[in-house]
$ cat model08.pdb   # PDB, C-alpha atoms
MODEL        1
ATOM      1  CA  MET V   1      11.376  11.962 -50.078
ATOM      2  CA  SER V   2      13.069  10.280 -52.976
ATOM      3  CA  LYS V   3      10.247  10.615 -55.482
ATOM      4  CA  THR V   4       8.889  13.840 -56.951
ATOM      5  CA  ILE V   5       5.614  14.351 -58.762
ATOM      6  CA  ALA V   6       5.574  17.131 -61.340
ATOM      7  CA  TYR V   7       2.560  19.338 -61.931
ATOM      8  CA  VAL V   8       1.991  21.665 -64.859
ATOM      9  CA  VAL V   9       0.790  24.942 -63.366
ATOM     10  CA  THR V  10      -1.083  27.667 -65.230
ATOM     11  CA  TYR V  11      -2.775  30.892 -64.186
ATOM     12  CA  GLU V  12      -6.425  30.876 -65.229
ATOM     13  CA  ASN V  13      -9.246  33.192 -64.198
ATOM     14  CA  ARG V  14      -7.207  34.736 -61.378
ATOM     15  CA  ARG V  15      -6.347  31.320 -59.907
ATOM     16  CA  TRP V  16      -3.354  28.989 -60.043
ATOM     17  CA  VAL V  17      -4.333  25.639 -61.561
ATOM     18  CA  SER V  18      -2.306  22.421 -61.384
ATOM     19  CA  ARG V  19      -2.596  19.301 -63.484
ATOM     20  CA  CYS V  20      -0.531  16.128 -63.155
ATOM     21  CA  PRO V  21       0.399  15.028 -66.689
ATOM     22  CA  SER V  22       1.764  11.662 -65.496
ATOM     23  CA  GLY V  23      -1.660  10.708 -64.138
ATOM     24  CA  GLU V  24      -0.277   9.829 -60.694
ATOM     25  CA  VAL V  25      -2.712  12.347 -59.216
ATOM     26  CA  GLU V  26      -6.061  12.763 -60.918
ATOM     27  CA  GLY V  27      -8.081  15.927 -61.099
ATOM     28  CA  VAL V  28      -7.150  19.573 -60.988
ATOM     29  CA  GLY V  29      -5.808  21.604 -58.085
ATOM     30  CA  VAL V  30      -6.948  25.223 -57.783
ATOM     31  CA  ALA V  31      -5.728  27.895 -55.354
ATOM     32  CA  SER V  32      -5.381  31.659 -55.123
ATOM     33  CA  SER V  33      -1.635  31.441 -54.364
ATOM     34  CA  LEU V  34       1.200  29.109 -55.284
ATOM     35  CA  SER V  35       1.986  28.596 -51.607
ATOM     36  CA  GLN V  36      -1.537  27.365 -50.964
ATOM     37  CA  LEU V  37      -1.460  25.148 -54.040
ATOM     38  CA  GLU V  38       1.808  23.578 -52.907
ATOM     39  CA  ARG V  39       0.455  23.003 -49.367
ATOM     40  CA  ASP V  40      -2.714  21.422 -50.751
ATOM     41  CA  LEU V  41      -0.764  19.085 -53.027
ATOM     42  CA  ALA V  42       1.668  18.161 -50.240
ATOM     43  CA  GLU V  43      -1.315  17.204 -48.057
ATOM     44  CA  ILE V  44      -2.721  15.039 -50.848
ATOM     45  CA  HIS V  45       0.661  13.340 -51.231
ATOM     46  CA  ALA V  46       0.939  12.722 -47.482
ATOM     47  CA  TRP V  47      -2.521  11.160 -47.463
ATOM     48  CA  ALA V  48      -2.011   9.071 -50.625
ATOM     49  CA  TRP V  49       1.570   7.967 -49.876
ATOM     50  CA  PRO V  50       2.014   7.991 -46.086
ATOM     51  CA  GLU V  51       5.100   5.748 -46.117
ATOM     52  CA  GLU V  52       7.156   7.648 -48.710
ATOM     53  CA  THR V  53       5.521  10.975 -49.453
ATOM     54  CA  PRO V  54       6.680  12.331 -52.816
ATOM     55  CA  ALA V  55       7.777  15.951 -53.171
ATOM     56  CA  VAL V  56       5.857  18.476 -55.261
ATOM     57  CA  ASN V  57       7.506  20.037 -58.312
ATOM     58  CA  PHE V  58       5.909  22.823 -60.345
ATOM     59  CA  VAL V  59       6.512  23.188 -64.068
ATOM     60  CA  PHE V  60       5.058  26.521 -65.115
ATOM     61  CA  ASP V  61       3.162  26.941 -68.362
ATOM     62  CA  LEU V  62       3.210  30.725 -68.520
ATOM     63  CA  PRO V  63       1.762  33.144 -71.080
ATOM     64  CA  GLU V  64       4.227  34.282 -73.740
ATOM     65  CA  GLU V  65       4.284  37.858 -72.439
ATOM     66  CA  VAL V  66       5.889  36.697 -69.159
ATOM     67  CA  ALA V  67       7.539  33.391 -70.126
ATOM     68  CA  GLY V  68      10.344  35.186 -71.977
ATOM     69  CA  VAL V  69      11.311  37.414 -69.081
ATOM     70  CA  VAL V  70      11.193  34.474 -66.638
ATOM     71  CA  ALA V  71      13.445  32.415 -68.923
ATOM     72  CA  GLU V  72      15.857  35.336 -69.304
ATOM     73  CA  TYR V  73      15.947  35.827 -65.527
ATOM     74  CA  ASN V  74      16.647  32.118 -64.939
ATOM     75  CA  ARG V  75      19.517  32.149 -67.472
ATOM     76  CA  GLU V  76      21.073  35.216 -65.854
ATOM     77  CA  LYS V  77      20.630  33.752 -62.377
ATOM     78  CA  GLU V  78      22.441  30.574 -63.439
ATOM     79  CA  LEU V  79      25.263  32.656 -64.917
ATOM     80  CA  ALA V  80      25.510  34.751 -61.746
ATOM     81  CA  GLU V  81      25.697  31.600 -59.614
ATOM     82  CA  ALA V  82      28.449  30.213 -61.827
ATOM     83  CA  HIS V  83      30.337  33.515 -61.595
ATOM     84  CA  ALA V  84      29.921  33.565 -57.813
ATOM     85  CA  GLU V  85      31.345  30.033 -57.562
ATOM     86  CA  ARG V  86      34.323  31.019 -59.710
ATOM     87  CA  ALA V  87      34.857  34.203 -57.672
ATOM     88  CA  ALA V  88      34.852  32.145 -54.468
ATOM     89  CA  GLU V  89      37.472  29.793 -55.908
ATOM     90  CA  LEU V  90      39.628  32.731 -56.983
ATOM     91  CA  ALA V  91      39.271  34.383 -53.570
ATOM     92  CA  VAL V  92      40.781  31.296 -51.913
ATOM     93  CA  LYS V  93      43.574  31.150 -54.474
ATOM     94  CA  ALA V  94      44.317  34.881 -54.169
ATOM     95  CA  ALA V  95      44.321  34.781 -50.357
ATOM     96  CA  ARG V  96      46.776  31.885 -50.339
ATOM     97  CA  VAL V  97      49.091  33.415 -52.938
ATOM     98  CA  LEU V  98      49.061  36.911 -51.456
ATOM     99  CA  THR V  99      49.560  35.776 -47.843
ATOM    100  CA  SER V 100      52.618  33.836 -48.963
ATOM    101  CA  HIS V 101      54.098  37.266 -49.834
ATOM    102  CA  TRP V 102      52.407  39.671 -47.420
ATOM    103  CA  SER V 103      50.716  39.759 -44.053
ATOM    104  CA  GLU V 104      47.018  38.941 -43.701
ATOM    105  CA  PRO V 105      46.155  42.598 -42.943
ATOM    106  CA  ASP V 106      47.988  43.778 -46.082
ATOM    107  CA  THR V 107      46.397  41.042 -48.149
ATOM    108  CA  ALA V 108      42.998  42.034 -46.769
ATOM    109  CA  ARG V 109      43.591  45.616 -47.826
ATOM    110  CA  VAL V 110      44.618  44.563 -51.348
ATOM    111  CA  MET V 111      41.602  42.256 -51.711
ATOM    112  CA  GLY V 112      39.122  44.658 -50.118
ATOM    113  CA  LEU V 113      38.203  42.145 -47.426
ATOM    114  CA  SER V 114      38.488  41.952 -43.660
ATOM    115  CA  LYS V 115      41.595  40.293 -42.282
ATOM    116  CA  GLN V 116      39.311  37.712 -40.640
ATOM    117  CA  ARG V 117      37.879  36.801 -44.037
ATOM    118  CA  VAL V 118      41.349  36.541 -45.549
ATOM    119  CA  HIS V 119      42.346  34.187 -42.731
ATOM    120  CA  GLN V 120      39.214  32.066 -43.335
ATOM    121  CA  LEU V 121      40.002  31.872 -47.047
ATOM    122  CA  LYS V 122      43.648  31.020 -46.419
ATOM    123  CA  VAL V 123      42.908  28.117 -44.098
ATOM    124  CA  SER V 124      39.885  26.745 -45.998
ATOM    125  CA  ALA V 125      40.283  23.271 -47.444
TER     126      ALA V 125
ENDMDL
END
$ encode --input "model08.pdb" --output "structure tokens"
Amino acid sequence: MSKTIAYVVTYENRRWVSRCPSGEVEGVGVASSLSQLERDLAEIHAWAWPEETPAVNFVFDLPEEVAGVVAEYNREKELAEAHAERAAELAVKAARVLTSHWSEPDTARVMGLSKQRVHQLKVSA
């Protein structure tokens, strides 16, 4: 699946509604859940493009009262992922530096990790 077709999805009259702004898929998809909508669109793609079925991508057009909180959540999630990556890098560095001075069990105690985890960090590439 190298190609992806984007759909603008809204919530109207207690239903999820999809529209394809690129015109690659005509009409409107309607379903009571996003899971069902995605399954329906995937089936359409498989039927229309059996050789190379494109993936489905949702772009949400949400009401203002929820769009702000979703955007804020996504920003914070991205920041948390970046922090987690940096913490993982520092864990490897700390394990290597500390085990060059102390035993793995002592290093584990200092780092608040198991000695098995310290060993994994120390030998990781």
$ residues_around --input "model08.pdb" --residues "Val92 in chain V" --least-positions-apart "6" --cutoff "9 Å" --atoms "only C-alpha atoms" --output "PyMOL selection string"
chain V and resi 118+120-124
$ closest_atom_pairs --input "model08.pdb" --of "range 15-94 of chain V" --to "range 106-115 of chain V" --cutoff "12 Å" --atoms "all atoms listed in the file" --output "JSON lines"
{"residue": "V:Leu90", "atom": "CA", "partner": "V:Met111", "partner_atom": "CA", "distance": 11.1}
{"residue": "V:Ala91", "atom": "CA", "partner": "V:Met111", "partner_atom": "CA", "distance": 8.4}
{"residue": "V:Val92", "atom": "CA", "partner": "V:Met111", "partner_atom": "CA", "distance": 11.0}
{"residue": "V:Lys93", "atom": "CA", "partner": "V:Met111", "partner_atom": "CA", "distance": 11.6}
{"residue": "V:Ala94", "atom": "CA", "partner": "V:Met111", "partner_atom": "CA", "distance": 8.2}
$ atom_distance --input "model08.pdb" --atom1 "CA of Ala42 in chain V" --atom2 "CA of Thr10 in chain V"
18.0 Å
$ atom_distance --input "model08.pdb" --atom1 "CA of Glu72 in chain V" --atom2 "CA of Phe58 in chain V"
18.3 Å
$ closest_residue --input "model08.pdb" --among "V:Leu98, V:Val25, V:Leu79, V:Ala84" --to "Val56 in chain V" --atoms "all atoms listed in the file"
V:Val25
$ atom_distance --input "model08.pdb" --atom1 "CA of Val9 in chain V" --atom2 "CA of Phe60 in chain V"
4.9 Å
$ resolve_selection --input "model08.pdb" --expression "the PyMOL selection byres ((chain V and resi 33-37) around 12)" --output "ChimeraX atom specification"
/V:7-12,14-19,28-32,38-44,56-60
$ closest_residue --input "model08.pdb" --among "V:Pro54, V:Trp102, V:Glu81, V:Glu64" --to "Ser2 in chain V" --atoms "all atoms listed in the file"
V:Pro54
$ closest_residue --input "model08.pdb" --among "V:Glu85, V:Val66, V:Ala6, V:Ala55" --to "Pro21 in chain V" --atoms "only C-alpha atoms"
V:Ala6
$ closest_residue --input "model08.pdb" --among "V:His119, V:Thr4, V:Ala67, V:Ala80" --to "Ser103 in chain V" --atoms "only C-alpha atoms"
V:His119
$ closest_residue --input "model08.pdb" --among "V:Gln116, V:His101, V:Glu89, V:Glu24" --to "Trp49 in chain V" --atoms "all atoms listed in the file"
V:Glu24
$ decode --input "model08.pdb" --residues "range 57-71 of chain V" --atoms "all heavy atoms" --output "mmCIF file, in the first residue's frame"
data_model
loop_
_atom_site.group_PDB
_atom_site.id
_atom_site.type_symbol
_atom_site.label_atom_id
_atom_site.label_comp_id
_atom_site.auth_asym_id
_atom_site.auth_seq_id
_atom_site.Cartn_x
_atom_site.Cartn_y
_atom_site.Cartn_z
ATOM 1 N N ASN V 57 -7.022 7.420 4.902
ATOM 2 C CA ASN V 57 -6.547 8.393 5.888
ATOM 3 C C ASN V 57 -7.678 9.368 6.194
ATOM 4 O O ASN V 57 -8.277 9.934 5.276
ATOM 5 C CB ASN V 57 -5.329 9.160 5.366
ATOM 6 C CG ASN V 57 -4.821 10.155 6.377
ATOM 7 O OD1 ASN V 57 -4.675 9.843 7.552
ATOM 8 N ND2 ASN V 57 -4.556 11.370 5.937
ATOM 9 N N PHE V 58 -7.975 9.539 7.481
ATOM 10 C CA PHE V 58 -9.025 10.470 7.885
ATOM 11 C C PHE V 58 -8.412 11.809 8.283
ATOM 12 O O PHE V 58 -7.448 11.865 9.043
ATOM 13 C CB PHE V 58 -9.798 9.926 9.087
ATOM 14 C CG PHE V 58 -10.712 8.777 8.775
ATOM 15 C CD1 PHE V 58 -11.122 7.929 9.778
ATOM 16 C CD2 PHE V 58 -11.182 8.540 7.494
ATOM 17 C CE1 PHE V 58 -11.972 6.867 9.529
ATOM 18 C CE2 PHE V 58 -12.041 7.482 7.220
ATOM 19 C CZ PHE V 58 -12.434 6.644 8.247
ATOM 20 N N VAL V 59 -9.003 12.870 7.768
ATOM 21 C CA VAL V 59 -8.698 14.232 8.197
ATOM 22 C C VAL V 59 -9.995 14.739 8.818
ATOM 23 O O VAL V 59 -11.011 14.839 8.126
ATOM 24 C CB VAL V 59 -8.270 15.118 7.008
ATOM 25 C CG1 VAL V 59 -8.036 16.548 7.467
ATOM 26 C CG2 VAL V 59 -7.052 14.538 6.314
ATOM 27 N N PHE V 60 -9.954 15.016 10.106
ATOM 28 C CA PHE V 60 -11.186 15.358 10.817
ATOM 29 C C PHE V 60 -11.481 16.846 10.746
ATOM 30 O O PHE V 60 -10.616 17.676 11.002
ATOM 31 C CB PHE V 60 -11.090 14.915 12.276
ATOM 32 C CG PHE V 60 -11.017 13.427 12.414
ATOM 33 C CD1 PHE V 60 -9.801 12.800 12.616
ATOM 34 C CD2 PHE V 60 -12.155 12.651 12.320
ATOM 35 C CE1 PHE V 60 -9.722 11.423 12.723
ATOM 36 C CE2 PHE V 60 -12.093 11.278 12.424
ATOM 37 C CZ PHE V 60 -10.867 10.660 12.627
ATOM 38 N N ASP V 61 -12.708 17.150 10.383
ATOM 39 C CA ASP V 61 -13.223 18.519 10.408
ATOM 40 C C ASP V 61 -14.188 18.567 11.591
ATOM 41 O O ASP V 61 -15.368 18.242 11.460
ATOM 42 C CB ASP V 61 -13.932 18.841 9.097
ATOM 43 C CG ASP V 61 -14.435 20.278 9.035
ATOM 44 O OD1 ASP V 61 -14.097 21.076 9.942
ATOM 45 O OD2 ASP V 61 -15.177 20.604 8.090
ATOM 46 N N LEU V 62 -13.650 18.941 12.738
ATOM 47 C CA LEU V 62 -14.406 18.857 13.990
ATOM 48 C C LEU V 62 -14.994 20.202 14.384
ATOM 49 O O LEU V 62 -14.448 21.253 14.037
ATOM 50 C CB LEU V 62 -13.480 18.360 15.106
ATOM 51 C CG LEU V 62 -12.838 16.994 14.867
ATOM 52 C CD1 LEU V 62 -11.806 16.702 15.937
ATOM 53 C CD2 LEU V 62 -13.894 15.912 14.814
ATOM 54 N N PRO V 63 -16.073 20.191 15.148
ATOM 55 C CA PRO V 63 -16.644 21.450 15.656
ATOM 56 C C PRO V 63 -15.636 22.162 16.565
ATOM 57 O O PRO V 63 -14.804 21.518 17.220
ATOM 58 C CB PRO V 63 -17.858 20.998 16.467
ATOM 59 C CG PRO V 63 -18.127 19.590 16.078
ATOM 60 C CD PRO V 63 -16.840 19.024 15.568
ATOM 61 N N GLU V 64 -15.710 23.476 16.576
ATOM 62 C CA GLU V 64 -14.770 24.283 17.360
ATOM 63 C C GLU V 64 -14.690 23.868 18.822
ATOM 64 O O GLU V 64 -13.619 23.886 19.414
ATOM 65 C CB GLU V 64 -15.141 25.767 17.272
ATOM 66 C CG GLU V 64 -14.779 26.399 15.959
ATOM 67 C CD GLU V 64 -15.074 27.887 15.950
ATOM 68 O OE1 GLU V 64 -14.874 28.551 16.987
ATOM 69 O OE2 GLU V 64 -15.510 28.374 14.896
ATOM 70 N N GLU V 65 -15.823 23.475 19.405
ATOM 71 C CA GLU V 65 -15.829 23.156 20.838
ATOM 72 C C GLU V 65 -14.983 21.929 21.176
ATOM 73 O O GLU V 65 -14.586 21.737 22.315
ATOM 74 C CB GLU V 65 -17.251 22.994 21.382
ATOM 75 C CG GLU V 65 -18.058 21.869 20.793
ATOM 76 C CD GLU V 65 -18.926 22.276 19.611
ATOM 77 O OE1 GLU V 65 -18.722 23.365 19.049
ATOM 78 O OE2 GLU V 65 -19.793 21.472 19.247
ATOM 79 N N VAL V 66 -14.684 21.075 20.191
ATOM 80 C CA VAL V 66 -13.826 19.912 20.455
ATOM 81 C C VAL V 66 -12.496 19.979 19.694
ATOM 82 O O VAL V 66 -11.531 19.350 20.103
ATOM 83 C CB VAL V 66 -14.549 18.579 20.146
ATOM 84 C CG1 VAL V 66 -15.720 18.377 21.079
ATOM 85 C CG2 VAL V 66 -14.960 18.479 18.706
ATOM 86 N N ALA V 67 -12.450 20.737 18.610
ATOM 87 C CA ALA V 67 -11.228 20.806 17.801
ATOM 88 C C ALA V 67 -10.046 21.330 18.618
ATOM 89 O O ALA V 67 -8.924 20.828 18.489
ATOM 90 C CB ALA V 67 -11.452 21.680 16.571
ATOM 91 N N GLY V 68 -10.290 22.303 19.475
ATOM 92 C CA GLY V 68 -9.218 22.881 20.285
ATOM 93 C C GLY V 68 -8.610 21.876 21.242
ATOM 94 O O GLY V 68 -7.386 21.775 21.357
ATOM 95 N N VAL V 69 -9.445 21.116 21.912
ATOM 96 C CA VAL V 69 -8.927 20.145 22.877
ATOM 97 C C VAL V 69 -8.210 18.995 22.161
ATOM 98 O O VAL V 69 -7.212 18.481 22.649
ATOM 99 C CB VAL V 69 -10.029 19.653 23.840
ATOM 100 C CG1 VAL V 69 -11.005 18.722 23.151
ATOM 101 C CG2 VAL V 69 -9.439 18.988 25.053
ATOM 102 N N VAL V 70 -8.685 18.613 20.981
ATOM 103 C CA VAL V 70 -8.006 17.565 20.210
ATOM 104 C C VAL V 70 -6.639 18.066 19.753
ATOM 105 O O VAL V 70 -5.637 17.337 19.846
ATOM 106 C CB VAL V 70 -8.872 17.108 19.009
ATOM 107 C CG1 VAL V 70 -8.086 16.199 18.075
ATOM 108 C CG2 VAL V 70 -10.125 16.412 19.501
ATOM 109 N N ALA V 71 -6.563 19.292 19.277
ATOM 110 C CA ALA V 71 -5.287 19.863 18.847
ATOM 111 C C ALA V 71 -4.313 19.962 20.014
ATOM 112 O O ALA V 71 -3.128 19.646 19.881
ATOM 113 C CB ALA V 71 -5.516 21.234 18.212
#
